[in-house]
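Student: Structure file model-v2.txt (compact mmCIF, C-alpha atoms) right here:
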```txt
# COMPACT_ATOMS: atom_id res chain seq x y z
CA MET A 98 -14.13 -16.76 98.30
CA SER A 99 -10.33 -16.49 98.06
CA ASP A 100 -8.77 -13.07 97.53
CA GLU A 101 -5.62 -14.46 95.93
CA HIS A 102 -6.99 -15.00 92.41
CA ASP A 103 -9.50 -12.14 92.18
CA ASP A 104 -7.94 -9.22 90.34
CA ARG A 105 -10.56 -6.96 91.91
CA ALA A 106 -9.13 -7.45 95.40
CA ARG A 107 -7.70 -4.33 97.03
CA GLY A 108 -5.14 -4.14 99.82
CA PHE A 109 -5.02 -1.46 102.53
CA ALA A 110 -2.16 -0.74 104.91
CA ALA A 111 -2.51 -1.95 108.48
CA PHE A 112 -3.95 0.51 110.97
CA PRO A 113 -1.55 1.56 113.75
CA ALA A 114 -2.48 1.23 117.39
CA ARG A 115 -5.02 3.76 118.66
CA LYS A 116 -4.51 4.32 122.35
CA GLY A 117 -7.74 5.56 123.82
CA GLY A 118 -9.13 6.25 120.35
CA ARG A 119 -12.64 5.51 119.17
CA ALA A 120 -13.22 2.10 117.64
CA ARG A 121 -16.41 2.97 115.77
CA GLY A 122 -16.36 4.65 112.37
CA GLN A 123 -16.88 8.41 112.42
CA SER A 124 -18.22 9.13 108.92
CA TRP A 125 -21.85 8.58 107.94
CA TRP A 126 -21.04 5.30 106.19
CA GLY A 127 -18.64 4.25 108.95
CA ARG A 128 -21.32 4.74 111.59
CA ALA A 129 -23.97 3.03 109.44
CA TRP A 130 -21.73 -0.03 108.99
CA THR A 131 -20.95 -0.15 112.72
CA GLU A 132 -24.64 0.03 113.66
CA SER A 133 -25.52 -2.76 111.21
CA MET A 134 -22.68 -4.93 112.50
CA GLU A 135 -23.61 -4.37 116.15
CA ASP A 136 -27.25 -5.17 115.36
CA THR A 137 -26.07 -8.40 113.75
CA TRP A 138 -23.92 -9.32 116.79
CA PRO A 139 -25.82 -7.86 119.76
CA GLU A 140 -23.77 -9.50 122.56
CA GLU A 141 -21.90 -6.68 124.28
CA GLU A 142 -18.92 -8.69 125.63
CA PRO A 143 -17.56 -9.82 122.21
CA LEU A 144 -18.11 -6.27 120.90
CA LYS A 145 -16.17 -4.82 123.82
CA LYS A 146 -13.26 -7.23 123.26
CA GLY A 147 -13.36 -6.52 119.53
CA ARG A 148 -13.14 -2.76 120.03
CA ALA A 149 -10.10 -3.20 122.26
CA PHE A 150 -8.40 -5.52 119.75
CA ALA A 151 -9.16 -3.17 116.83
CA ARG A 152 -7.26 -0.40 118.65
CA SER A 153 -4.32 -2.68 119.54
CA GLY A 154 -2.58 -2.50 116.15
CA ARG A 155 -2.30 -6.29 115.95
CA LEU A 156 -4.25 -6.70 112.70
CA GLY A 157 -2.17 -6.66 109.54
CA PRO A 158 -3.05 -5.10 106.17
CA VAL A 159 -6.71 -5.45 105.24
CA THR A 160 -7.76 -6.99 101.93
CA VAL A 161 -11.20 -6.23 100.50
CA SER A 162 -12.57 -8.34 97.65
CA PRO A 163 -16.07 -9.17 96.40
CA GLY A 164 -17.83 -10.94 99.25
CA ARG A 165 -14.90 -10.92 101.68
CA VAL A 166 -12.79 -8.78 104.04
CA ALA A 167 -9.64 -10.43 105.43
CA ALA A 168 -6.54 -9.65 107.49
CA LEU A 169 -3.73 -11.40 109.33
CA VAL A 170 -3.67 -11.44 113.15
CA TYR A 171 -0.27 -10.81 114.78
CA GLY A 172 1.04 -10.66 118.31
CA GLY A 173 0.88 -14.20 119.64
CA GLU A 174 3.63 -16.75 120.07
CA ASP A 175 2.47 -18.73 117.04
CA GLU A 176 2.56 -17.74 113.41
CA PRO A 177 0.04 -15.10 112.30
CA TYR A 178 -3.32 -16.45 111.27
CA THR A 179 -6.18 -15.26 109.11
CA VAL A 180 -9.45 -13.66 110.13
CA SER A 181 -12.17 -12.83 107.62
CA LEU A 182 -15.74 -11.60 107.25
CA GLU A 183 -17.93 -12.83 104.41
CA LEU A 184 -20.92 -10.97 102.99
CA ALA A 185 -22.90 -12.26 100.01
CA GLU A 186 -22.36 -10.45 96.72
CA LEU A 187 -25.37 -8.92 94.99
CA ASP A 188 -26.18 -10.68 91.72
CA ASP A 189 -26.48 -8.93 88.35
CA ASP A 190 -30.28 -8.61 88.57
CA GLN A 191 -30.01 -6.96 91.99
CA TRP A 192 -27.40 -4.48 90.74
CA ASP A 193 -29.61 -3.68 87.75
CA ALA A 194 -32.54 -3.05 90.08
CA LEU A 195 -30.42 -0.80 92.31
CA TRP A 196 -29.24 1.37 89.41
CA GLU A 197 -32.78 1.62 88.01
CA LYS A 198 -34.04 2.93 91.35
CA THR A 199 -31.00 5.20 91.72
CA ALA A 200 -31.67 6.70 88.28
CA ASP A 201 -35.08 7.78 89.62
CA ARG A 202 -33.25 10.04 92.10
CA PRO A 203 -31.43 12.92 90.35
CA ALA A 204 -29.57 14.12 93.45
CA GLU A 205 -28.17 10.66 94.24
CA THR A 206 -27.29 10.08 90.60
CA GLU A 207 -25.43 13.40 90.39
CA ALA A 208 -23.50 12.62 93.59
CA LEU A 209 -22.44 9.18 92.33
CA LEU A 210 -21.26 10.56 89.00
CA ALA A 211 -19.28 13.18 90.93
CA GLY A 212 -17.39 10.41 92.78
CA GLU A 213 -19.37 10.40 96.03
CA LEU A 214 -21.36 7.64 97.73
CA PRO A 215 -24.53 9.42 98.93
CA PRO A 216 -26.28 8.16 102.08
CA ASP A 217 -29.62 8.16 100.26
CA LEU A 218 -28.32 5.27 98.15
CA LEU A 219 -29.75 3.14 100.97
CA GLU A 220 -33.23 4.43 100.13
CA ALA A 221 -32.75 3.47 96.49
CA ALA A 222 -31.63 0.02 97.70
CA GLU A 223 -34.77 -0.26 99.83
CA ASP A 224 -36.89 0.67 96.79
CA ALA A 225 -35.13 -2.17 94.94
CA ARG A 226 -35.86 -4.49 97.92
CA LEU A 227 -32.24 -5.29 98.66
CA GLY A 228 -29.64 -4.36 101.26
CA VAL A 229 -26.25 -2.78 100.83
CA LEU A 230 -25.28 -2.91 104.50
CA PRO A 231 -25.31 -6.34 106.19
CA GLY A 232 -28.62 -7.52 107.59
CA TYR A 233 -29.19 -9.93 110.47
CA GLY A 234 -27.28 -13.16 109.93
CA GLU A 235 -25.59 -11.98 106.70
CA LEU A 236 -22.14 -11.11 108.07
CA GLU A 237 -20.32 -14.44 108.52
CA PRO A 238 -17.08 -14.40 110.59
CA ASP A 239 -14.25 -16.90 110.20
CA CYS A 240 -11.02 -17.04 112.18
CA ASP A 241 -8.23 -19.55 112.76
CA CYS A 242 -8.03 -18.79 116.48
CA ASP A 243 -9.28 -21.08 119.26
CA GLU A 244 -11.53 -18.60 121.02
CA PRO A 245 -14.96 -20.00 121.93
CA ASP A 246 -16.80 -16.73 121.26
CA HIS A 247 -18.73 -16.45 118.01
CA PRO A 248 -17.82 -14.01 116.68
CA CYS A 249 -14.36 -13.87 118.20
CA ALA A 250 -12.65 -10.61 119.14
CA HIS A 251 -10.51 -10.73 115.98
CA ALA A 252 -13.52 -10.89 113.66
CA VAL A 253 -15.26 -8.08 115.52
CA ALA A 254 -12.05 -6.03 115.39
CA LEU A 255 -11.90 -6.53 111.63
CA GLY A 256 -15.50 -5.34 111.36
CA TYR A 257 -14.65 -2.14 113.25
CA GLN A 258 -11.54 -1.56 111.14
CA PHE A 259 -13.66 -1.94 108.00
CA SER A 260 -15.73 1.00 109.30
CA TRP A 261 -12.45 2.96 109.43
CA LEU A 262 -11.88 2.11 105.77
CA LEU A 263 -15.36 3.46 105.03
CA ASP A 264 -14.37 6.69 106.80
CA GLU A 265 -11.62 7.12 104.20
CA GLU A 266 -13.14 5.50 101.10
CA PRO A 267 -16.83 4.52 101.35
CA GLN A 268 -16.77 3.12 97.79
CA VAL A 269 -15.14 -0.09 99.07
CA LEU A 270 -18.57 -1.07 100.42
CA LEU A 271 -19.70 -1.58 96.81
CA LEU A 272 -16.60 -3.70 96.16
CA LEU A 273 -17.49 -5.89 99.12
CA ARG A 274 -20.95 -6.36 97.61
CA GLY A 275 -19.44 -7.29 94.25
CA ARG A 276 -18.82 -4.14 92.19
CA GLU A 277 -15.70 -2.08 91.67
CA TRP A 278 -16.37 1.65 91.71
CA ALA A 279 -15.61 2.15 88.01
CA GLU A 280 -17.79 -0.83 87.08
CA ALA A 281 -20.67 0.49 89.19
CA LEU A 282 -20.51 3.91 87.51
CA GLU A 283 -20.46 2.33 84.05
CA GLU A 284 -23.61 0.36 84.86
CA LEU A 285 -25.36 3.47 86.18
CA LYS A 286 -24.33 5.45 83.09
CA SER A 287 -25.69 2.67 80.87
CA VAL A 288 -29.07 2.91 82.61
CA LEU A 289 -29.10 6.70 82.17
CA LEU A 290 -28.07 6.46 78.53
CA LEU A 291 -30.73 3.85 77.78
CA ARG A 292 -33.37 6.00 79.48
CA ALA A 293 -32.32 9.04 77.45
CA MET A 294 -32.54 7.10 74.21
CA THR A 295 -35.88 5.52 75.15
CA GLY A 296 -37.28 8.88 76.25
CA ASP A 297 -36.42 10.46 72.90
CA ALA A 298 -38.08 7.59 71.06
CA GLU A 299 -41.22 7.80 73.21
CA ASN A 300 -41.46 11.56 72.63
CA THR A 301 -41.17 11.03 68.88
CA ASP A 302 -43.84 8.31 68.95
CA ALA A 303 -46.17 10.56 70.94
CA GLU A 304 -45.73 13.41 68.47
CA ASP A 305 -46.40 11.05 65.55
CA THR A 306 -49.55 9.74 67.24
CA ASP A 307 -50.85 13.26 67.87
CA ALA A 308 -50.24 14.19 64.26
CA GLU A 309 -52.03 11.09 63.01
CA ASP A 310 -55.02 11.77 65.29
CA THR A 311 -55.22 15.34 64.00
CA ASP A 312 -55.11 14.14 60.40
CA ALA A 313 -57.94 11.69 61.09
CA GLU A 314 -60.12 14.36 62.72
CA GLU A 315 -59.62 16.72 59.80
CA ALA A 316 -60.48 13.94 57.35
CA ASP A 317 -63.77 13.29 59.19
CA ASP A 318 -64.64 16.99 59.13
CA THR A 319 -63.99 17.16 55.41
CA ALA A 320 -66.19 14.11 54.74
CA ASP A 321 -69.15 15.87 56.38
CA GLU A 322 -68.87 18.88 54.11
CA ASP A 323 -69.73 19.18 50.42
CA ALA A 324 -67.30 17.47 48.14
CA GLU A 325 -66.38 20.76 46.51
CA PRO A 326 -62.66 20.85 45.71
CA ASP A 327 -60.52 23.20 47.78
CA VAL A 328 -59.28 25.79 45.27
CA ARG A 329 -57.84 28.19 47.85
CA GLN A 330 -54.41 29.59 47.17
CA PRO A 331 -51.55 28.43 49.48
CA GLU A 332 -51.58 31.83 51.23
CA ALA A 333 -55.25 31.46 52.11
CA ALA A 334 -54.98 27.80 53.07
CA GLY A 335 -52.11 28.46 55.45
CA ALA A 336 -48.67 26.76 55.69
CA PRO A 337 -48.52 23.23 54.21
CA ARG A 338 -48.72 20.44 56.80
CA GLY A 339 -46.06 17.80 57.27
CA ILE A 340 -46.51 14.07 57.81
CA SER A 341 -45.29 11.73 60.52
CA VAL A 342 -41.88 10.08 60.41
CA ALA A 343 -43.52 6.66 60.27
CA GLN A 344 -45.52 7.66 57.20
CA ALA A 345 -42.50 9.12 55.46
CA TYR A 346 -40.40 5.99 55.92
CA ALA A 347 -43.34 3.75 54.98
CA ARG A 348 -43.50 5.20 51.46
CA PRO A 349 -42.14 2.94 48.75
CA VAL A 350 -38.79 4.01 47.38
CA ALA A 351 -37.14 3.37 44.08
CA PRO A 352 -35.00 0.22 44.03
CA LEU A 353 -31.32 0.74 44.72
CA PRO A 354 -28.87 0.06 41.92
CA ALA A 355 -27.10 -3.27 41.91
CA ILE A 356 -23.95 -3.53 43.99
CA PRO A 357 -20.92 -3.32 41.70
CA GLY A 358 -18.83 -6.43 41.40
CA LEU A 359 -15.46 -6.90 43.02
CA PRO A 360 -12.37 -6.05 40.99
CA GLU A 361 -10.43 -8.88 39.47
CA PRO A 362 -7.83 -10.27 41.90
CA PRO A 363 -4.18 -9.75 40.91
CA GLU A 364 -2.24 -12.56 39.39
CA ASP A 365 -0.52 -14.90 41.82
CA ASP A 366 2.91 -13.57 41.04
CA ALA A 367 1.88 -9.91 41.10
CA GLU A 368 3.01 -7.93 44.16
CA SER A 369 0.65 -5.41 45.72
CA VAL A 370 1.36 -1.71 45.42
CA THR A 371 2.71 -1.54 48.98
CA GLY A 372 4.44 -4.90 48.87
CA ILE A 373 2.46 -5.91 51.97
CA GLU A 374 -0.05 -8.74 51.82
CA ALA A 375 -2.57 -7.39 54.33
CA ASP A 376 -4.68 -4.53 53.04
CA PRO A 377 -3.50 -1.32 54.80
CA LEU A 378 -6.89 0.28 54.17
CA GLU A 379 -8.57 -2.32 56.38
CA ARG A 380 -6.18 -1.47 59.23
CA LEU A 381 -6.81 2.26 58.85
CA VAL A 382 -10.58 1.76 58.83
CA ALA A 383 -10.46 -0.49 61.89
CA ASP A 384 -8.29 2.00 63.79
CA ALA A 385 -10.60 4.88 62.84
CA ALA A 386 -13.60 2.87 64.06
CA VAL A 387 -11.94 2.16 67.41
CA ARG A 388 -11.03 5.81 67.91
CA ALA A 389 -14.52 6.94 66.88
CA ARG A 390 -16.07 4.57 69.41
CA HIS A 391 -13.76 5.88 72.16
CA LEU A 392 -14.55 9.48 71.23
CA LEU A 393 -18.30 8.78 71.30
CA ALA A 394 -17.97 7.09 74.69
CA TYR A 395 -16.10 10.14 76.02
CA THR A 396 -18.72 12.50 74.58
CA LEU A 397 -21.50 10.52 76.29
CA GLY A 398 -19.63 10.48 79.61
CA LEU A 399 -18.90 6.74 79.42
CA ALA A 400 -15.10 7.16 79.21
CA ALA A 401 -12.92 9.15 81.58
CA GLU A 402 -10.60 10.57 78.90
CA PRO A 403 -10.77 11.34 75.16
CA PRO A 404 -8.83 9.10 72.78
CA ARG A 405 -5.14 9.78 72.97
CA THR A 406 -3.28 11.46 70.10
CA LEU A 407 -0.17 9.42 69.27
CA ASP A 408 3.11 10.91 68.13
CA LEU A 409 5.14 9.41 65.26
CA TRP A 410 7.06 6.98 67.48
CA GLN A 411 3.98 5.79 69.38
CA ASP A 412 2.07 5.22 66.16
CA THR A 413 5.03 3.34 64.71
CA VAL A 414 5.03 1.05 67.74
CA ARG A 415 1.27 0.57 67.52
CA ILE A 416 1.42 -0.47 63.86
CA ALA A 417 4.35 -2.81 64.46
CA ALA A 418 2.55 -4.42 67.41
CA THR A 419 -0.83 -4.89 65.75
CA HIS A 420 -0.24 -5.35 62.00
CA PRO A 421 -0.90 -8.93 60.86
CA ASP A 422 1.84 -8.97 58.19
CA PRO A 423 5.13 -10.14 59.79
CA ARG A 424 7.14 -8.04 57.31
CA VAL A 425 5.78 -4.79 58.72
CA PRO A 426 7.83 -4.75 61.97
CA ARG A 427 10.98 -5.52 60.01
CA ARG A 428 10.40 -2.63 57.63
CA LEU A 429 9.54 -0.26 60.47
CA ARG A 430 12.64 -1.33 62.40
CA ASP A 431 14.80 -0.33 59.44
CA ALA A 432 13.01 3.00 58.92
CA CYS A 433 12.10 4.27 62.40
CA GLY A 434 15.55 5.49 63.46
CA ARG A 435 15.37 3.55 66.77
CA PRO A 436 15.83 -0.07 65.68
CA ASP A 437 17.31 -1.28 68.99
CA GLU A 438 14.27 -0.02 70.93
CA LEU A 439 11.40 -1.16 68.73
CA ASP A 440 11.16 -4.80 69.82
CA ARG A 441 10.85 -3.96 73.52
CA ALA A 442 8.39 -1.18 72.72
CA VAL A 443 6.27 -3.60 70.70
CA GLU A 444 6.17 -6.06 73.63
CA ALA A 445 5.14 -3.22 75.96
CA TRP A 446 2.32 -2.20 73.60
CA ARG A 447 1.05 -5.76 73.28
CA THR A 448 0.78 -6.12 77.06
CA GLY A 449 -0.66 -2.71 77.90
CA GLY A 450 -1.28 -0.52 74.85
CA SER A 451 -0.15 3.11 75.01
CA ALA A 452 -0.14 2.96 78.83
CA GLY A 453 2.23 -0.02 78.68
CA LEU A 454 4.55 1.92 76.37
CA ASP A 455 4.58 4.85 78.82
CA VAL A 456 5.56 2.47 81.65
CA LEU A 457 8.50 1.21 79.58
CA GLU A 458 9.79 4.64 78.57
CA GLN A 459 8.70 7.19 81.17
CA PRO A 460 9.73 6.68 84.83
CA TRP A 461 7.90 8.83 87.40
CA GLU A 462 7.47 9.35 91.14
CA PRO A 463 4.17 7.88 92.48
CA PRO A 464 2.41 9.50 95.46
CA GLY A 465 3.67 8.47 98.88
CA ALA A 466 0.32 6.94 99.83
CA ASP A 467 0.44 4.60 96.81
CA VAL A 468 3.98 3.54 97.70
CA ALA A 469 3.08 2.80 101.34
CA ARG A 470 -0.02 0.84 100.35
CA ALA A 471 1.90 -1.23 97.79
CA ARG A 472 4.69 -2.00 100.25
CA ALA A 473 2.17 -3.20 102.84
CA ALA A 474 0.36 -5.37 100.28
CA LEU A 475 3.59 -6.99 99.09
CA THR A 476 4.89 -7.54 102.62
CA ALA A 477 1.68 -9.29 103.67
CA GLY A 478 2.15 -11.95 100.98
CA TRP A 479 5.53 -13.28 102.29
CA GLU A 480 6.78 -15.00 105.42
CA GLU A 481 9.06 -12.69 107.35
CA ASP A 482 12.21 -14.78 106.77
CA GLU A 483 11.42 -15.25 103.05
CA LEU A 484 10.71 -11.65 102.08
CA PRO A 485 13.16 -10.66 99.31
CA GLU A 486 14.83 -7.30 99.36
CA LEU A 487 12.83 -4.68 97.47
CA VAL A 488 14.81 -1.96 95.71
CA VAL A 489 12.52 0.96 94.88
CA HIS A 490 13.44 3.70 92.41
CA GLY A 491 10.47 5.86 91.49
CA ASN A 492 7.84 3.57 90.02
CA HIS A 493 10.30 0.67 89.55
CA TRP A 494 10.20 -2.06 92.24
CA THR A 495 13.00 -4.61 91.77
CA LEU A 496 13.41 -7.87 93.70
CA ALA A 497 17.14 -8.00 94.40
CA GLY A 498 18.82 -11.07 92.92
CA ARG A 499 15.62 -12.39 91.31
CA GLY A 500 15.82 -10.75 87.89
CA VAL A 501 12.22 -9.57 88.16
CA GLN A 502 10.69 -6.15 88.53
CA LEU A 503 7.29 -4.48 88.89
CA ARG A 504 6.55 -1.08 87.38
CA TYR A 505 3.70 1.05 88.66
CA GLY A 506 1.84 2.83 85.85
CA ARG A 507 0.03 6.15 85.96
CA ASP A 508 -3.14 4.14 85.25
CA GLY A 509 -2.88 2.51 88.69
CA ARG A 510 -1.82 -0.91 87.37
CA TRP A 511 1.34 -2.95 88.04
CA TYR A 512 3.33 -4.16 85.04
CA PRO A 513 5.63 -7.21 85.38
CA TYR A 514 9.16 -7.11 83.90
CA GLN A 515 12.00 -9.63 83.56
CA GLU A 516 15.69 -9.05 82.94
CA ARG A 517 17.12 -10.27 79.65
CA SER A 518 20.77 -9.64 78.75
CA GLY A 519 20.94 -6.61 81.01
CA LEU A 520 17.68 -5.04 79.80
CA TRP A 521 14.23 -5.06 81.40
CA TRP A 522 11.54 -6.57 79.16
CA PRO A 523 7.75 -6.58 79.63
CA ALA A 524 6.76 -10.02 80.93
CA GLY A 525 2.96 -10.13 80.88
CA PRO A 526 -0.28 -8.23 81.30
CA PRO A 527 -0.67 -5.74 84.17
CA ALA A 528 -2.66 -6.31 87.38
CA ARG A 529 -4.45 -3.97 89.76
CA GLU A 530 -2.65 -5.33 92.84
CA PRO A 531 1.15 -5.70 93.09
CA ALA A 532 0.92 -9.07 94.86
CA LEU A 533 -1.09 -10.53 91.97
CA ALA A 534 1.36 -9.20 89.37
CA LEU A 535 4.28 -10.58 91.35
CA ALA A 536 2.64 -13.98 91.79
CA GLU A 537 2.16 -14.29 88.03
CA LEU A 538 5.75 -13.17 87.47
CA LEU A 539 7.15 -15.78 89.87
CA GLY A 540 4.77 -18.48 88.67
CA GLY A 541 3.03 -18.67 92.08
```
Reformat the file's structure so that it appears as structure tokens.
Tutor:
Amino acid sequence: MSDEHDDRARGFAAFPARKGGRARGQSWWGRAWTESMEDTWPEEEPLKKGRAFARSGRLGPVTVSPGRVAALVYGGEDEPYTVSLELAELDDDQWDALWEKTADRPAETEALLAGELPPDLLEAAEDARLGVLPGYGELEPDCDCDEPDHPCAHAVALGYQFSWLLDEEPQVLLLLRGREWAEALEELKSVLLLRAMTGDAENTDAEDTDAEDTDAEEADDTADEDAEPDVRQPEAAGAPRGISVAQAYARPVAPLPAIPGLPEPPEDDAESVTGIEADPLERLVADAAVRARHLLAYTLGLAAEPPRTLDLWQDTVRIAATHPDPRVPRRLRDACGRPDELDRAVEAWRTGGSAGLDVLEQPWEPPGADVARARAALTAGWEEDELPELVVHGNHWTLAGRGVQLRYGRDGRWYPYQERSGLWWPAGPPAREPALALAELLGG
């Protein structure tokens, strides 16, 4: 599988040389990966060479994507070449089985929802009869070198460096098996939500069944007694009994009144009250439904943040960007007080919503680690003599002399921009990796 066109691919900065350092991962997941890899490739000589090469600093930035880990190999007289490890992705049914078994384990579920990858996830995987770590023969190396060893030292070195990645961020193991971290959590939450809903329904059904059984027993007892009417007062007979939900809803109800007819349409030459063809009420209802869905998802733990409250300008941009009547943006441009800014703001909203508008209007300083990782990922995608000059100001990355720019959003995505008449305009949808956003921007 190629990493170039998978927007789930993630790039990691190259590891520096480690003189005398340990080549095996030190965390629980790093050690577990190393043990699985060494069991897969039991020959000691290639492992020894691989450990030495992993510490040499001659592997470039590492890219992890579903089913594949890859890096460039530097240091020889020739051009750098590619080394990769391939591991089969789990299919949808296998992921479903894993989350079902994980949901049976409260401690593991709680750890996952808290952002951790618990070691006992392996036991849930065993219960689901699947493997998360590579089994014998599953880890397939590929390298452009001419070494006769299989695997070669470069592939083994990449395997050891992947254990270093697991030391820092064990969640990338799930990405290698085919699931981004956020996607995995959403699937687990869906299983938990479905179980909660099913459990409530089962409890209700059980209560209804018990009530029906009790009613039947009492009816039998009454049939055995004399048919004398029960003339006891309510106080003597006790509190009145209820009936089951199923019985209540099974009772016939009076027919509903007929649905009223639609009002007569206006004459062809009559203008609507607002002067706008599209019904504004439909837009308000649709927007309220979207916000209600987002709020419900946040309440159930299925969304990371509550729906955002928009100020007057942001809501103006939203309406101008989404309203189907072409006259609406023109009217808003005349009334908003910022006519020269509205068109660019509308383009930003159409490519990235409120987050895209923030990227257009609010520069910020990203963390140093994000900057270093992005620089390494961009550098790895160019030949050394072809790499354009990057001018970085805060979250704005401009390619000198190219008229193109990337902007890093607070949502972790990269937004492409192009220069038009001295202004920077949004130029397309965002991407998770800067190299992918840049490739789309340059038409590569």
Student: Record the distance separating atom CA of Ala114 of chain A and atom CA of Leu533 of chain A, expressed in Å with one decimal.
Tutor: 28.0 Å
Student: For atom CA of Val414 of chain A and atom CA of Ala442 of chain A, quote the distance in Å rounded to one decimal.
Tutor: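 Going from atom CA of Val414 of chain A over to atom CA of Ala442 of chain A, I get 6.4 Å.
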Student: Work out how far atom CA of Val456 of chain A is from atom CA of His420 of chain A, in Å to one decimal.
Tutor: 21.9 Å
Student: Which of these, A:Gly147, A:Gly228, A:Pro527, A:Pro215, has the shortest distance to Asp246 of chain A once you count only C-alpha atoms?
Tutor: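 Smallest distance to Asp246 of chain A is found for A:Gly147.
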Student: Hey, what's within 7 Å of Tyr171 of chain A if we count all atoms listed in the file and toss same-chain stuff fewer than 3 positions away? As a list in words, please?
Tutor: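 The neighbour list is Arg155, Leu156, Gly157 and Pro177 of chain A.
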Student: Which residue gives the smallest distance to Glu266 of chain A among A:Thr137, A:Ser124, A:Asn492, A:Thr448, with only C-alpha atoms counted?
Tutor: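 Among A:Thr137, A:Ser124, A:Asn492, A:Thr448, it is A:Ser124 that comes nearest to Glu266 of chain A.
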Student: For each of A:Leu290, A:Ala110, A:Leu255, A:Leu535, take the minimum atom-to-atom distance to Ala474 of chain A, counting only C-alpha atoms, then give the residue where this is smallest.
Tutor: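 Of all the options, A:Ala110 lies closest to Ala474 of chain A.
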Student: Pick the closest to Arg472 of chain A from A:Gly164, A:Pro354, A:Gly108, A:Pro460: which is it, counting all atoms listed in the file?
Tutor: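 Among the listed residues, A:Gly108 lies closest to Arg472 of chain A.
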Student: Using all atoms listed in the file, can you tell me which of A:Cys249, A:Val166, A:Val229, A:Ala432 comes closest to Trp192 of chain A?
Tutor: A:Val229
Student: Write out as a PDB file with C-alpha atoms, in the frame of the given file which residues come within 10 Å of His493 of chain A when counting only C-alpha atoms, dropping same-chain ones fewer than 6 positions away.
Tutor:
```pdb
ATOM      1  CA  VAL A 456       5.560   2.470  81.650  1.00  0.00           C
ATOM      2  CA  PRO A 460       9.730   6.680  84.830  1.00  0.00           C
ATOM      3  CA  TRP A 461       7.900   8.830  87.400  1.00  0.00           C
ATOM      4  CA  GLU A 462       7.470   9.350  91.140  1.00  0.00           C
ATOM      5  CA  PRO A 463       4.170   7.880  92.480  1.00  0.00           C
ATOM      6  CA  LEU A 487      12.830  -4.680  97.470  1.00  0.00           C
ATOM      7  CA  GLN A 502      10.690  -6.150  88.530  1.00  0.00           C
ATOM      8  CA  LEU A 503       7.290  -4.480  88.890  1.00  0.00           C
ATOM      9  CA  ARG A 504       6.550  -1.080  87.380  1.00  0.00           C
ATOM     10  CA  TYR A 505       3.700   1.050  88.660  1.00  0.00           C
ATOM     11  CA  GLY A 506       1.840   2.830  85.850  1.00  0.00           C
ATOM     12  CA  TRP A 511       1.340  -2.950  88.040  1.00  0.00           C
ATOM     13  CA  TYR A 512       3.330  -4.160  85.040  1.00  0.00           C
ATOM     14  CA  TYR A 514       9.160  -7.110  83.900  1.00  0.00           C
TER      15      TYR A 514
END
```
Student: When distances are computed from all atoms listed in the file, which of A:Ala221, A:Trp494, A:Trp522, A:Pro436 shows the smallest separation from Ala471 of chain A?
Tutor: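 Of all the options, A:Trp494 lies closest to Ala471 of chain A.
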Student: Would you be able to write out as a ChimeraX atom specification which residues have an atom within 12 Å of (-20.3, -5.3, 94.3) in the file's coordinates, counting all atoms listed in the file?
Tutor: /A:105-106,161-165,184-193,195,228-230,268-282,284
Student: Take the selection from the previous step and output its residues with C-alpha atoms, as a short mmCIF file (atom, residue, chain, number, x, y, z; two decimals), keeping the file's coordinate frame.
Tutor:
```cif
data_model
loop_
_atom_site.label_atom_id
_atom_site.label_comp_id
_atom_site.auth_asym_id
_atom_site.auth_seq_id
_atom_site.Cartn_x
_atom_site.Cartn_y
_atom_site.Cartn_z
CA ARG A 105 -10.56 -6.96 91.91
CA ALA A 106 -9.13 -7.45 95.40
CA VAL A 161 -11.20 -6.23 100.50
CA SER A 162 -12.57 -8.34 97.65
CA PRO A 163 -16.07 -9.17 96.40
CA GLY A 164 -17.83 -10.94 99.25
CA ARG A 165 -14.90 -10.92 101.68
CA LEU A 184 -20.92 -10.97 102.99
CA ALA A 185 -22.90 -12.26 100.01
CA GLU A 186 -22.36 -10.45 96.72
CA LEU A 187 -25.37 -8.92 94.99
CA ASP A 188 -26.18 -10.68 91.72
CA ASP A 189 -26.48 -8.93 88.35
CA ASP A 190 -30.28 -8.61 88.57
CA GLN A 191 -30.01 -6.96 91.99
CA TRP A 192 -27.40 -4.48 90.74
CA ASP A 193 -29.61 -3.68 87.75
CA LEU A 195 -30.42 -0.80 92.31
CA GLY A 228 -29.64 -4.36 101.26
CA VAL A 229 -26.25 -2.78 100.83
CA LEU A 230 -25.28 -2.91 104.50
CA GLN A 268 -16.77 3.12 97.79
CA VAL A 269 -15.14 -0.09 99.07
CA LEU A 270 -18.57 -1.07 100.42
CA LEU A 271 -19.70 -1.58 96.81
CA LEU A 272 -16.60 -3.70 96.16
CA LEU A 273 -17.49 -5.89 99.12
CA ARG A 274 -20.95 -6.36 97.61
CA GLY A 275 -19.44 -7.29 94.25
CA ARG A 276 -18.82 -4.14 92.19
CA GLU A 277 -15.70 -2.08 91.67
CA TRP A 278 -16.37 1.65 91.71
CA ALA A 279 -15.61 2.15 88.01
CA GLU A 280 -17.79 -0.83 87.08
CA ALA A 281 -20.67 0.49 89.19
CA LEU A 282 -20.51 3.91 87.51
CA GLU A 284 -23.61 0.36 84.86
#
```
Student: Applying 9 Å and only C-alpha atoms, which residues near Pro216 of chain A remain after dropping the ones on its own chain fewer than 3 positions away? List them as a ChimeraX atom specification.
Tutor: /A:125-126,205,219-220
Student: Residues within 7 Å of (14.3, -8.7, 99.9), file coordinates, counting only C-alpha atoms: what are they? Give the list as an mmCIF file with C-alpha atoms, in the frame of the given file.
Tutor:
```
data_model
loop_
_atom_site.group_PDB
_atom_site.id
_atom_site.type_symbol
_atom_site.label_atom_id
_atom_site.label_comp_id
_atom_site.auth_asym_id
_atom_site.auth_seq_id
_atom_site.Cartn_x
_atom_site.Cartn_y
_atom_site.Cartn_z
ATOM 1 C CA LEU A 484 10.710 -11.650 102.080
ATOM 2 C CA PRO A 485 13.160 -10.660 99.310
ATOM 3 C CA GLU A 486 14.830 -7.300 99.360
ATOM 4 C CA LEU A 487 12.830 -4.680 97.470
ATOM 5 C CA LEU A 496 13.410 -7.870 93.700
ATOM 6 C CA ALA A 497 17.140 -8.000 94.400
#
```
